[in-house]
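Just query-v9.txt here, compact mmCIF, C-alpha atoms:
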# COMPACT_ATOMS: atom_id res chain seq x y z
CA MET U 28 -21.18 14.27 -1.29
CA ALA U 29 -24.64 14.44 -2.87
CA ASP U 30 -27.14 13.48 -0.23
CA ASP U 31 -30.41 14.78 -1.57
CA ASN U 32 -33.45 12.58 -1.44
CA ASP U 33 -34.87 14.23 -4.54
CA GLU U 34 -33.94 12.17 -7.52
CA ILE U 35 -31.87 14.10 -10.02
CA ILE U 36 -32.73 13.53 -13.67
CA LEU U 37 -29.39 13.89 -15.38
CA SER U 38 -30.85 14.47 -18.81
CA GLU U 39 -32.77 17.50 -17.51
CA LEU U 40 -29.64 19.29 -16.30
CA SER U 41 -27.83 21.91 -18.31
CA ASP U 42 -24.34 21.03 -19.53
CA ASP U 43 -22.66 22.92 -16.72
CA GLU U 44 -24.95 21.43 -14.09
CA LEU U 45 -24.47 17.96 -15.52
CA VAL U 46 -20.68 18.24 -15.43
CA LEU U 47 -20.79 19.33 -11.80
CA GLN U 48 -23.23 16.52 -11.02
CA MET U 49 -20.85 14.08 -12.69
CA HIS U 50 -18.05 15.34 -10.46
CA ASP U 51 -20.30 14.56 -7.49
CA ASP U 52 -21.27 11.16 -8.90
CA LEU U 53 -17.65 10.30 -9.53
CA TYR U 54 -16.83 11.33 -5.97
CA ASP U 55 -19.58 9.02 -4.75
CA GLY U 56 -18.45 6.17 -7.02
CA MET U 57 -21.75 6.01 -8.90
CA LYS U 58 -20.81 4.00 -11.94
CA GLU U 59 -24.19 3.86 -13.71
CA GLU U 60 -24.74 7.60 -13.30
CA ILE U 61 -21.32 8.29 -14.80
CA GLU U 62 -22.09 6.06 -17.76
CA GLU U 63 -25.39 7.88 -18.22
CA GLY U 64 -23.74 11.29 -17.94
CA VAL U 65 -21.09 10.40 -20.50
CA ASN U 66 -23.75 9.21 -22.96
CA ILE U 67 -25.82 12.35 -22.46
CA LEU U 68 -22.88 14.69 -23.12
CA ILE U 69 -21.86 12.73 -26.21
CA ALA U 70 -25.45 12.84 -27.46
CA ARG U 71 -25.42 16.61 -26.92
CA GLY U 72 -22.48 16.87 -29.29
CA TRP U 73 -19.61 17.13 -26.83
CA THR U 74 -16.31 15.80 -28.13
CA PRO U 75 -15.17 12.66 -26.35
CA TYR U 76 -12.01 14.51 -25.32
CA ASP U 77 -14.02 17.26 -23.60
CA VAL U 78 -16.17 14.71 -21.78
CA LEU U 79 -13.04 12.93 -20.64
CA THR U 80 -11.17 15.99 -19.41
CA LYS U 81 -13.96 18.26 -18.16
CA ALA U 82 -16.25 15.67 -16.60
CA LEU U 83 -14.13 12.65 -15.71
CA VAL U 84 -10.52 13.79 -15.23
CA ALA U 85 -11.58 17.00 -13.48
CA GLY U 86 -13.84 14.99 -11.17
CA MET U 87 -11.15 12.45 -10.45
CA THR U 88 -8.72 15.25 -9.68
CA ILE U 89 -11.04 16.37 -6.87
CA VAL U 90 -11.10 12.78 -5.60
CA GLY U 91 -7.30 12.66 -5.72
CA ALA U 92 -6.93 15.94 -3.84
CA ASP U 93 -9.31 14.80 -1.10
CA PHE U 94 -7.47 11.49 -0.83
CA ARG U 95 -4.19 13.39 -0.43
CA ASP U 96 -5.78 15.57 2.25
CA GLY U 97 -7.07 12.58 4.19
CA ILE U 98 -10.75 13.34 3.48
CA LEU U 99 -11.27 10.27 1.30
CA PHE U 100 -9.76 6.83 1.84
CA VAL U 101 -8.73 3.99 -0.43
CA PRO U 102 -12.17 2.28 -0.69
CA GLU U 103 -13.82 5.53 -1.83
CA VAL U 104 -11.03 6.21 -4.32
CA LEU U 105 -11.45 2.71 -5.73
CA LEU U 106 -15.18 3.21 -6.18
CA ALA U 107 -14.52 6.53 -7.92
CA ALA U 108 -11.89 4.87 -10.11
CA ASN U 109 -14.37 2.15 -11.05
CA ALA U 110 -16.90 4.79 -12.06
CA MET U 111 -14.30 6.66 -14.11
CA LYS U 112 -13.20 3.42 -15.73
CA ALA U 113 -16.78 2.75 -16.81
CA GLY U 114 -16.95 6.21 -18.37
CA MET U 115 -13.62 5.73 -20.10
CA PHE U 116 -14.79 2.40 -21.48
CA ILE U 117 -17.46 4.28 -23.42
CA LEU U 118 -15.10 7.06 -24.46
CA LYS U 119 -12.05 5.06 -25.53
CA PRO U 120 -13.29 3.88 -28.95
CA LEU U 121 -14.73 7.35 -29.60
CA LEU U 122 -11.42 8.98 -28.73
CA VAL U 123 -9.68 6.73 -31.23
CA GLU U 124 -12.20 7.74 -33.91
CA THR U 125 -12.21 11.46 -33.21
CA GLY U 126 -8.60 11.90 -32.21
CA ALA U 127 -7.33 13.62 -29.09
CA PRO U 128 -4.12 15.43 -28.21
CA ARG U 129 -1.33 12.92 -27.58
CA MET U 130 0.87 13.92 -24.70
CA GLY U 131 3.36 11.09 -24.93
CA LYS U 132 3.73 7.41 -24.23
CA MET U 133 4.29 5.53 -20.99
CA VAL U 134 5.24 1.98 -20.10
CA ILE U 135 4.18 1.18 -16.56
CA GLY U 136 4.34 -1.86 -14.30
CA THR U 137 4.67 -3.15 -10.75
CA VAL U 138 8.14 -4.50 -9.98
CA LYS U 139 9.22 -8.10 -9.60
CA GLY U 140 7.97 -9.91 -6.52
CA ASP U 141 5.11 -7.44 -6.02
CA ILE U 142 1.51 -8.10 -6.99
CA HIS U 143 -0.02 -4.83 -5.82
CA ASP U 144 -1.53 -2.81 -8.60
CA ILE U 145 -4.19 -0.50 -7.21
CA GLY U 146 -2.01 2.61 -7.31
CA LYS U 147 -0.40 1.61 -10.57
CA ASN U 148 -3.81 1.09 -12.20
CA LEU U 149 -4.93 4.49 -10.99
CA VAL U 150 -1.85 6.15 -12.44
CA ALA U 151 -2.36 4.34 -15.75
CA MET U 152 -5.97 5.45 -15.89
CA MET U 153 -5.23 9.08 -15.03
CA MET U 154 -2.35 9.16 -17.52
CA GLU U 155 -4.68 7.88 -20.21
CA GLY U 156 -7.20 10.48 -19.18
CA ALA U 157 -4.53 13.15 -19.57
CA GLY U 158 -3.84 12.04 -23.14
CA PHE U 159 -0.90 9.70 -22.66
CA GLU U 160 -0.75 6.38 -24.44
CA VAL U 161 -0.16 3.79 -21.73
CA LEU U 162 1.18 0.28 -22.02
CA ASP U 163 0.49 -1.47 -18.73
CA LEU U 164 2.80 -4.40 -18.06
CA GLY U 165 0.82 -5.49 -15.03
CA ILE U 166 2.45 -6.95 -11.93
CA ASN U 167 5.65 -8.81 -11.02
CA ASN U 168 7.85 -7.42 -13.78
CA SER U 169 11.46 -8.46 -14.15
CA VAL U 170 14.08 -6.08 -15.46
CA GLU U 171 14.09 -8.09 -18.69
CA LYS U 172 10.38 -7.52 -19.16
CA TYR U 173 10.71 -3.77 -18.60
CA ILE U 174 13.58 -3.51 -21.06
CA GLU U 175 11.85 -5.62 -23.67
CA ALA U 176 8.83 -3.31 -23.46
CA LEU U 177 10.95 -0.17 -23.61
CA GLU U 178 12.78 -1.41 -26.69
CA ALA U 179 9.57 -2.45 -28.41
CA GLU U 180 7.42 0.55 -27.49
CA LYS U 181 9.96 3.39 -27.34
CA PRO U 182 7.94 5.33 -24.76
CA ASP U 183 8.80 8.71 -23.28
CA ILE U 184 8.24 7.49 -19.75
CA LEU U 185 8.92 4.39 -17.70
CA GLY U 186 6.74 4.16 -14.59
CA MET U 187 7.50 1.69 -11.82
CA SER U 188 5.38 0.91 -8.79
CA ALA U 189 5.94 -1.07 -5.57
CA LEU U 190 3.94 -1.41 -2.39
CA LEU U 191 6.41 -3.37 -0.30
CA THR U 192 9.60 -2.19 1.34
CA THR U 193 11.04 -5.54 0.32
CA THR U 194 10.32 -5.03 -3.38
CA MET U 195 10.94 -1.32 -3.88
CA PRO U 196 14.75 -1.76 -4.10
CA TYR U 197 14.14 -3.65 -7.36
CA MET U 198 13.48 -0.29 -9.02
CA LYS U 199 17.18 0.43 -8.62
CA VAL U 200 18.01 -2.87 -10.32
CA VAL U 201 15.99 -1.74 -13.33
CA ILE U 202 17.51 1.76 -13.40
CA ASP U 203 21.04 0.41 -12.98
CA THR U 204 20.47 -2.01 -15.85
CA LEU U 205 19.24 0.84 -18.03
CA LYS U 206 22.44 2.72 -17.19
CA GLU U 207 24.60 -0.30 -17.98
CA LYS U 208 22.90 -0.63 -21.34
CA GLY U 209 23.28 3.08 -22.07
CA MET U 210 19.48 3.46 -22.19
CA ARG U 211 18.84 5.47 -19.05
CA GLU U 212 18.83 8.88 -20.70
CA ASP U 213 16.32 7.75 -23.31
CA TYR U 214 13.49 7.64 -20.79
CA ILE U 215 11.88 9.68 -18.07
CA VAL U 216 11.72 7.35 -15.08
CA LEU U 217 8.91 7.97 -12.60
CA VAL U 218 8.47 5.86 -9.48
CA GLY U 219 5.70 5.57 -6.93
CA GLY U 220 4.16 3.44 -4.21
CA ALA U 221 3.13 3.79 -0.57
CA PRO U 222 6.52 3.15 1.10
CA LEU U 223 8.53 5.34 -1.29
CA ASN U 224 9.49 8.97 -0.84
CA GLU U 225 11.34 11.65 -2.73
CA GLU U 226 14.63 10.78 -1.09
CA PHE U 227 14.33 7.16 -2.23
CA GLY U 228 13.48 8.27 -5.76
CA LYS U 229 16.61 10.39 -5.90
CA ALA U 230 18.80 7.73 -4.31
CA ILE U 231 17.92 5.10 -6.91
CA GLY U 232 18.38 7.51 -9.81
CA ALA U 233 14.75 8.03 -10.87
CA ASP U 234 13.76 11.35 -12.41
CA ALA U 235 10.95 11.82 -9.94
CA TYR U 236 8.94 10.20 -7.18
CA CYS U 237 5.20 10.73 -7.58
CA ARG U 238 3.15 10.51 -4.42
CA ASP U 239 -0.14 9.93 -6.18
CA ALA U 240 -1.80 9.63 -9.57
CA ALA U 241 -2.49 13.35 -9.94
CA VAL U 242 1.13 14.19 -9.17
CA ALA U 243 2.25 11.51 -11.63
CA VAL U 244 0.23 13.16 -14.39
CA GLU U 245 1.53 16.65 -13.63
CA THR U 246 5.12 15.41 -13.31
CA ALA U 247 4.84 13.49 -16.56
CA LYS U 248 3.55 16.56 -18.39
CA VAL U 249 6.42 18.72 -17.08
CA TYR U 250 9.13 16.19 -17.95
CA VAL U 251 7.71 15.38 -21.37
CA ALA U 252 7.48 19.09 -22.23
CA ARG U 253 11.07 19.56 -21.05
CA LYS U 254 12.21 16.58 -23.13
CA HIS U 255 10.48 17.90 -26.23
CA ASN U 256 11.97 21.37 -25.66
CA GLN U 257 15.43 19.84 -25.38
CA LEU U 258 14.94 17.88 -28.57
CA SER U 259 13.75 20.92 -30.50
CA ALA U 260 16.48 23.23 -29.13
CA MET J 3 -5.50 -5.91 33.58
CA ARG J 4 -7.26 -8.24 31.19
CA LEU J 5 -5.65 -8.28 27.79
CA ASP J 6 -8.31 -8.08 25.16
CA ASP J 7 -7.54 -7.71 21.49
CA ARG J 8 -9.67 -4.64 21.03
CA THR J 9 -7.68 -2.77 23.68
CA LEU J 10 -4.42 -3.97 22.14
CA THR J 11 -5.61 -2.74 18.76
CA GLU J 12 -6.88 0.65 19.86
CA GLU J 13 -4.91 1.61 22.95
CA GLY J 14 -2.04 -0.80 23.48
CA LEU J 15 -0.79 -1.78 26.90
CA ALA J 16 0.87 0.38 29.55
CA PRO J 17 4.08 -0.90 31.16
CA ALA J 18 3.73 -2.45 34.61
CA ARG J 19 6.83 -0.51 35.70
CA ALA J 20 8.33 -3.69 37.08
CA GLY J 21 11.57 -5.08 35.68
CA ARG J 22 14.87 -3.73 34.44
CA VAL J 23 14.32 -4.08 30.72
CA LEU J 24 11.41 -2.52 28.87
CA LEU J 25 10.13 -4.15 25.71
CA ILE J 26 8.28 -1.65 23.52
CA ALA J 27 6.18 -3.79 21.23
CA CYS J 28 3.39 -3.80 18.72
CA GLY J 29 0.05 -4.62 20.36
CA ALA J 30 -0.33 -7.46 17.87
CA LEU J 31 2.55 -9.25 19.63
CA ALA J 32 1.41 -8.83 23.24
CA HIS J 33 0.01 -12.33 23.73
CA GLU J 34 3.08 -13.99 22.23
CA ILE J 35 5.56 -11.90 24.24
CA LEU J 36 3.70 -12.49 27.50
CA ALA J 37 3.49 -16.21 26.75
CA LEU J 38 7.26 -16.35 26.22
CA LYS J 39 7.82 -14.27 29.34
CA ARG J 40 5.69 -16.63 31.42
CA ALA J 41 7.22 -19.77 29.94
CA ASN J 42 10.77 -18.58 30.55
CA GLY J 43 10.30 -16.76 33.83
CA TRP J 44 11.62 -13.48 32.45
CA GLU J 45 10.44 -11.44 35.40
CA HIS J 46 12.96 -8.70 34.67
CA LEU J 47 11.29 -7.90 31.34
CA ASP J 48 8.49 -5.35 31.38
CA LEU J 49 6.19 -4.84 28.41
CA GLN J 50 4.64 -1.77 26.88
CA CYS J 51 2.54 -2.20 23.73
CA LEU J 52 1.69 0.49 21.25
CA PRO J 53 -1.73 0.23 19.59
CA ALA J 54 -1.65 -2.48 16.95
CA LYS J 55 -3.70 -0.26 14.65
CA LEU J 56 -0.58 1.80 13.97
CA HIS J 57 0.06 -0.77 11.27
CA LEU J 58 -2.68 0.85 9.25
CA TRP J 59 -0.38 3.91 8.98
CA PRO J 60 3.21 2.61 9.13
CA ASP J 61 4.62 6.15 9.03
CA ARG J 62 3.18 6.72 12.50
CA ILE J 63 5.07 3.78 14.01
CA VAL J 64 8.44 5.53 14.11
CA THR J 65 7.11 8.61 15.93
CA ALA J 66 5.17 6.49 18.41
CA VAL J 67 8.17 4.26 19.16
CA GLU J 68 10.45 7.26 19.62
CA GLU J 69 8.00 8.89 22.00
CA ALA J 70 7.68 5.69 24.03
CA VAL J 71 11.45 5.23 24.24
CA ARG J 72 12.03 8.82 25.33
CA THR J 73 9.19 8.67 27.88
CA HIS J 74 10.21 5.46 29.58
CA ARG J 75 13.92 4.87 29.10
CA ALA J 76 14.98 6.64 32.29
CA GLY J 77 13.02 4.11 34.35
CA TYR J 78 14.83 1.06 32.93
CA ASP J 79 18.36 -0.22 32.41
CA GLU J 80 17.58 -1.05 28.82
CA VAL J 81 14.88 -0.67 26.20
CA PHE J 82 14.30 -3.07 23.31
CA VAL J 83 11.87 -2.44 20.46
CA VAL J 84 9.81 -5.45 19.41
CA TYR J 85 8.94 -4.30 15.93
CA ALA J 86 10.51 -5.37 12.66
CA ASP J 87 10.72 -2.85 9.81
CA CYS J 88 6.92 -3.07 9.50
CA GLY J 89 6.57 -0.98 6.34
CA THR J 90 8.66 1.92 7.62
CA GLY J 91 11.20 1.51 4.84
CA GLY J 92 14.21 1.46 7.15
CA ALA J 93 13.06 4.54 9.09
CA LEU J 94 12.41 2.59 12.29
CA GLN J 95 15.85 1.02 12.17
CA GLU J 96 17.45 4.44 11.69
CA LYS J 97 15.50 5.82 14.61
CA CYS J 98 16.43 2.89 16.86
CA LEU J 99 20.10 3.36 15.96
CA GLU J 100 19.80 7.05 16.77
CA LEU J 101 18.15 6.24 20.10
CA GLY J 102 20.67 3.51 20.85
CA VAL J 103 18.09 0.75 21.28
CA GLY J 104 17.85 -2.65 19.63
CA MET J 105 14.97 -3.94 17.52
CA VAL J 106 13.86 -7.17 15.86
CA GLU J 107 15.43 -7.96 12.50
CA GLY J 108 13.33 -8.59 9.43
CA PRO J 109 10.74 -6.90 7.27
CA HIS J 110 7.65 -7.74 9.36
CA CYS J 111 6.19 -10.20 11.85
CA TYR J 112 5.16 -12.65 9.11
CA SER J 113 8.83 -12.98 8.36
CA PHE J 114 10.16 -13.37 11.89
CA PHE J 115 7.34 -15.71 12.94
CA GLU J 116 8.26 -17.97 10.07
CA GLY J 117 11.95 -17.33 10.66
CA ASN J 118 13.60 -14.57 8.62
CA ALA J 119 15.85 -16.97 6.72
CA ALA J 120 13.00 -19.35 5.86
CA PHE J 121 10.70 -16.50 4.87
CA ALA J 122 13.33 -14.93 2.61
CA ALA J 123 13.88 -18.31 0.96
CA THR J 124 10.24 -18.45 -0.09
CA ALA J 125 10.08 -14.84 -1.33
CA GLU J 126 10.40 -15.86 -4.97
CA THR J 127 7.56 -18.35 -4.84
CA GLU J 128 5.19 -17.03 -2.18
CA PHE J 129 4.67 -13.41 -3.06
CA THR J 130 1.06 -14.13 -3.95
CA ALA J 131 0.33 -15.24 -0.38
CA PHE J 132 -1.63 -13.08 2.05
CA TYR J 133 -0.55 -13.75 5.63
CA LEU J 134 -2.41 -13.72 8.91
CA THR J 135 -1.09 -14.42 12.40
CA ASP J 136 -3.12 -15.55 15.43
CA PHE J 137 -3.79 -11.93 16.34
CA LEU J 138 -4.78 -10.96 12.83
CA VAL J 139 -7.12 -13.91 12.45
CA ARG J 140 -8.88 -12.81 15.64
CA GLN J 141 -8.87 -9.19 14.47
CA PHE J 142 -9.53 -9.85 10.78
CA ASP J 143 -12.47 -7.47 10.60
CA ALA J 144 -10.64 -4.65 12.38
CA PHE J 145 -7.44 -4.94 10.33
CA VAL J 146 -8.59 -6.19 6.94
CA TRP J 147 -12.30 -6.22 6.26
CA ARG J 148 -13.38 -2.84 7.65
CA PRO J 149 -10.32 -0.67 6.82
CA MET J 150 -10.53 -1.86 3.23
CA GLY J 151 -14.20 -0.93 3.13
CA LEU J 152 -15.25 -4.49 2.33
CA ASP J 153 -18.02 -4.35 4.92
CA ARG J 154 -19.63 -1.55 2.91
CA HIS J 155 -18.41 -2.44 -0.58
CA PRO J 156 -17.74 -6.18 -0.93
CA GLU J 157 -17.51 -5.66 -4.69
CA LEU J 158 -14.05 -4.17 -4.13
CA ARG J 159 -12.66 -7.48 -2.91
CA ASP J 160 -11.11 -8.58 -6.16
CA MET J 161 -9.53 -5.19 -6.74
CA TYR J 162 -7.59 -5.74 -3.53
CA PHE J 163 -7.09 -9.48 -3.59
CA GLY J 164 -7.43 -10.49 -7.23
CA ASN J 165 -3.68 -11.01 -7.61
CA TYR J 166 -3.33 -13.08 -4.44
CA THR J 167 -3.67 -16.84 -4.69
CA LYS J 168 -3.77 -18.07 -1.09
CA LEU J 169 -4.15 -17.07 2.50
CA VAL J 170 -1.46 -18.51 4.76
CA TYR J 171 -2.38 -18.64 8.41
CA GLN J 172 0.86 -18.59 10.34
CA ALA J 173 -0.28 -20.22 13.56
CA GLN J 174 1.56 -19.30 16.73
CA THR J 175 -0.55 -21.66 18.80
CA GLU J 176 -2.52 -24.86 18.31
CA ASP J 177 -6.09 -23.58 18.29
CA PRO J 178 -8.70 -25.38 16.18
CA ALA J 179 -11.15 -22.49 16.55
CA LEU J 180 -8.63 -20.06 15.06
CA ASP J 181 -7.90 -22.53 12.28
CA LEU J 182 -11.59 -22.55 11.41
CA LYS J 183 -11.81 -18.78 11.56
CA ALA J 184 -8.73 -18.39 9.35
CA ALA J 185 -10.26 -20.74 6.80
CA GLU J 186 -13.39 -18.58 6.85
CA CYS J 187 -11.26 -15.48 6.29
CA ALA J 188 -9.69 -17.15 3.25
CA ALA J 189 -13.14 -17.98 1.89
CA ARG J 190 -14.32 -14.40 2.41
CA LEU J 191 -11.33 -13.15 0.43
CA GLY J 192 -11.83 -15.77 -2.28
CA LEU J 193 -8.42 -17.32 -1.61
CA ALA J 194 -7.14 -20.85 -1.12
CA TYR J 195 -6.28 -21.65 2.48
CA GLU J 196 -3.13 -22.98 4.08
CA ARG J 197 -2.39 -23.32 7.77
CA ARG J 198 1.27 -23.27 8.72
CA PHE J 199 2.34 -23.74 12.31
CA THR J 200 5.22 -21.35 13.01
CA GLY J 201 5.16 -21.08 16.78
CA TYR J 202 6.97 -17.93 17.85
CA GLY J 203 9.67 -18.27 15.20
CA ASP J 204 12.62 -15.90 15.58
CA LEU J 205 10.79 -13.97 18.29
CA ALA J 206 11.72 -16.59 20.89
CA PRO J 207 15.52 -16.51 20.41
CA VAL J 208 15.52 -12.73 19.96
CA LEU J 209 13.73 -12.18 23.26
CA ALA J 210 15.85 -14.86 24.94
CA GLY J 211 18.91 -12.89 23.84
CA VAL J 212 17.49 -9.71 25.33
CA ALA J 213 16.49 -11.47 28.55
CA GLU J 214 19.84 -13.20 28.97
CA GLY J 215 21.79 -10.08 28.13
CA PHE J 216 20.27 -8.35 31.11
CA SER J 217 19.63 -11.19 33.51
CA GLY J 218 22.73 -10.15 35.47
CA ALA J 219 21.13 -6.83 36.19
CA GLU J 220 18.57 -8.47 38.43
The structure given in the file should be rewritten as structure tokens.
Amino acid sequence: MADDNDEIILSELSDDELVLQMHDDLYDGMKEEIEEGVNILIARGWTPYDVLTKALVAGMTIVGADFRDGILFVPEVLLAANAMKAGMFILKPLLVETGAPRMGKMVIGTVKGDIHDIGKNLVAMMMEGAGFEVLDLGINNSVEKYIEALEAEKPDILGMSALLTTTMPYMKVVIDTLKEKGMREDYIVLVGGAPLNEEFGKAIGADAYCRDAAVAVETAKVYVARKHNQLSA
Amino acid sequence: MRLDDRTLTEEGLAPARAGRVLLIACGALAHEILALKRANGWEHLDLQCLPAKLHLWPDRIVTAVEEAVRTHRAGYDEVFVVYADCGTGGALQEKCLELGVGMVEGPHCYSFFEGNAAFAATAETEFTAFYLTDFLVRQFDAFVWRPMGLDRHPELRDMYFGNYTKLVYQAQTEDPALDLKAAECAARLGLAYERRFTGYGDLAPVLAGVAEGFSGAE
């Protein structure tokens, strides 16, 4: 995106200019610049939550939209994610200290027999950025492992990911087991992964299929709000 | 026409319009299908290949296969699709059923080269393996290294391959040069290397079935 030869001194930019520059730097996967930008905004008295949402999450949302529209591809998204991760690494302890709105809790993991975690990691990161507490179970998760985590963590949301057409049916195994145990209605179940689609999500009994990390965040917010409204009604 | 891998990747192969049965195949299988055709004298089988690069966008495979079937079926007694599911999530099978044409069973070519039954038997223990065939070893840069951006950003390698443990080269042919190249590919990905001779696996009996089924039409 940014292609100027003139070197930009981040510390000399106004807050608004710096945030826009950080969106550009995130887009270009410039990890060190993002770290520098985060530190500058914090030093200027920004709350960690504002830095996270206005500079990082907003920037990553642009990346996500351009990925969805076929303008950016996986390598560029990964570089952007790495840059955002570096920024979040600085912000995380500060967020714990200063507090930030909690949107809900999610347990997420890639299903059994599948070791692909790029999309799942992106979802976890964007969910954290949106204020969700995320417990990431990693890859190759059996139904027992999912259930153990659900019982221990009592999250609002279970997220499952699969990249392979051979492993995605395992999501149904997990959902069916939740039904058998009478636990299905306790959780919002979101599923995602390259070979999935909305039809598959419905067929296996998930609440929603999320085509990318940005959609996962928006879907999670809608379902969690609905759940809270139901509970308070 | 000389069959080079770049053409098979980018453009595919047009049918020769000779024979009673048209095989519509992935460009990545052209060498193997033609070798079987030559070895068995299946002169009544014609071959059209779709660009192998369709595998980079599996959702485009179904449309491309349908178009090829509809374009060419009137010129042949039968059409057979030489693709497995190939990441289409059952969509290719549905389309083939709708079109009334057969296709290869199995999730992908790694599975049918190894033999679907044998591959399924190792699913529990080998899901951390990254597979390459003869074609993919030759076209490693076009199908793996460049599309993943590793030529520009090698630092992304472990984000893609950090959970894999080994590269399995499923060899269709005995070729020491390919063996060496596959070992190099494994090293570039930071994975252990294993060569496994599969030959043509299930592809041979499947195509024999197609060829025999229509040999009377000669």
Proximity of chain U to chain J: per-residue shortest pair, 8 Å limit, only C-alpha atoms, as JSON lines:
{"residue": "U:Val101", "atom": "CA", "partner": "J:Met150", "partner_atom": "CA", "distance": 7.1}
{"residue": "U:Pro102", "atom": "CA", "partner": "J:Gly151", "partner_atom": "CA", "distance": 5.4}
{"residue": "U:Leu105", "atom": "CA", "partner": "J:Leu158", "partner_atom": "CA", "distance": 7.5}
{"residue": "U:Leu106", "atom": "CA", "partner": "J:Leu158", "partner_atom": "CA", "distance": 7.7}
{"residue": "U:Gly140", "atom": "CA", "partner": "J:Phe129", "partner_atom": "CA", "distance": 5.9}
{"residue": "U:Asp141", "atom": "CA", "partner": "J:Phe129", "partner_atom": "CA", "distance": 6.7}
{"residue": "U:Ile142", "atom": "CA", "partner": "J:Asn165", "partner_atom": "CA", "distance": 6.0}
{"residue": "U:His143", "atom": "CA", "partner": "J:Asn165", "partner_atom": "CA", "distance": 7.4}
{"residue": "U:Ile145", "atom": "CA", "partner": "J:Met161", "partner_atom": "CA", "distance": 7.1}
{"residue": "U:Leu191", "atom": "CA", "partner": "J:Gly89", "partner_atom": "CA", "distance": 7.1}
{"residue": "U:Thr192", "atom": "CA", "partner": "J:Gly91", "partner_atom": "CA", "distance": 5.3}
{"residue": "U:Thr193", "atom": "CA", "partner": "J:Pro109", "partner_atom": "CA", "distance": 7.1}
{"residue": "U:Pro222", "atom": "CA", "partner": "J:Gly91", "partner_atom": "CA", "distance": 6.2}
{"residue": "U:Leu223", "atom": "CA", "partner": "J:Gly91", "partner_atom": "CA", "distance": 7.7}
Item to complete: Find the spatial neighbours of region 180-189 of chain U, counting only C-alpha atoms, within a cut-off of 8 Å - ignore same-chain residues fewer than 6 positions away - and output them as an MDAnalysis selection string.
Response: chainID U and resid 131:138 141 143:144 146:147 195 198 213:222 247 251
Axis-aligned box for all listed atoms of region 131-140 of chain J, 6 Å per side, centre and edges in Å to one decimal, as AutoDock Vina command-line options:
--center_x -4.3 --center_y -13.3 --center_z 8.0 --size_x 21.2 --size_y 16.6 --size_z 28.7
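Each of U:Leu258, U:Ala235, U:Ile35, U:Val65 was checked against Leu121 (chain U) using all atoms listed in the file; the smallest atom-to-atom distance is that of U:Val65.
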Response to the item:
In terms of all atoms listed in the file, the residue from J:Asp136, J:Asp79, J:Glu116, J:Glu186 at minimal distance from Arg22 (chain J) is J:Asp79
Item to complete: Could you pull out every residue with an atom within 9 Å of (-3.2, -0.7, 21.1), file coordinates, counting all atoms listed in the file, and send them as a PyMOL selection string?
Response: chain J and resi 7-15+28-30+51-56
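Every protein or nucleic acid residue with an atom no more than 9 Å from Asn148 (chain U), counting all atoms listed in the file and leaving out same-chain residues fewer than 5 positions away, appears here: Gly136, Met153, Asp163 and Gly165 of chain U.
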Can I get the selected residues back with C-alpha atoms, as a PDB file, in the coordinates of the input?
ATOM      1  CA  GLY U 136       4.340  -1.860 -14.300  1.00  0.00           C
ATOM      2  CA  MET U 153      -5.230   9.080 -15.030  1.00  0.00           C
ATOM      3  CA  ASP U 163       0.490  -1.470 -18.730  1.00  0.00           C
ATOM      4  CA  GLY U 165       0.820  -5.490 -15.030  1.00  0.00           C
TER       5      GLY U 165
END
Worksheet item: Between U:Met152, U:Leu40, U:Ile174, U:Ala108, which is the closest to Glu207 (chain U) once you count only C-alpha atoms?
Response: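 That would be U:Ile174, the residue with the smallest distance to Glu207 (chain U).
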Generate the coordinates of N, CA and C atoms for region 215-222 of chain U; report them as an mmCIF file, in the coordinates of the input.
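What follows is the written file rebuild-v5.cif:
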data_model
loop_
_atom_site.group_PDB
_atom_site.id
_atom_site.type_symbol
_atom_site.label_atom_id
_atom_site.label_comp_id
_atom_site.auth_asym_id
_atom_site.auth_seq_id
_atom_site.Cartn_x
_atom_site.Cartn_y
_atom_site.Cartn_z
ATOM 1 N N ILE U 215 12.194 9.014 -19.336
ATOM 2 C CA ILE U 215 11.880 9.680 -18.070
ATOM 3 C C ILE U 215 11.441 8.560 -17.135
ATOM 4 N N VAL U 216 12.090 8.435 -15.997
ATOM 5 C CA VAL U 216 11.720 7.350 -15.080
ATOM 6 C C VAL U 216 10.988 7.937 -13.873
ATOM 7 N N LEU U 217 9.735 7.536 -13.731
ATOM 8 C CA LEU U 217 8.910 7.970 -12.600
ATOM 9 C C LEU U 217 8.629 6.770 -11.707
ATOM 10 N N VAL U 218 8.729 6.971 -10.404
ATOM 11 C CA VAL U 218 8.470 5.860 -9.480
ATOM 12 C C VAL U 218 7.423 6.276 -8.454
ATOM 13 N N GLY U 219 6.711 5.286 -7.934
ATOM 14 C CA GLY U 219 5.700 5.570 -6.930
ATOM 15 C C GLY U 219 5.324 4.333 -6.139
ATOM 16 N N GLY U 220 4.584 4.543 -5.067
ATOM 17 C CA GLY U 220 4.160 3.440 -4.210
ATOM 18 C C GLY U 220 4.190 3.905 -2.760
ATOM 19 N N ALA U 221 3.325 3.310 -1.947
ATOM 20 C CA ALA U 221 3.130 3.790 -0.570
ATOM 21 C C ALA U 221 4.419 3.947 0.248
ATOM 22 N N PRO U 222 5.363 2.993 0.196
ATOM 23 C CA PRO U 222 6.520 3.150 1.100
ATOM 24 C C PRO U 222 7.624 4.049 0.537
#
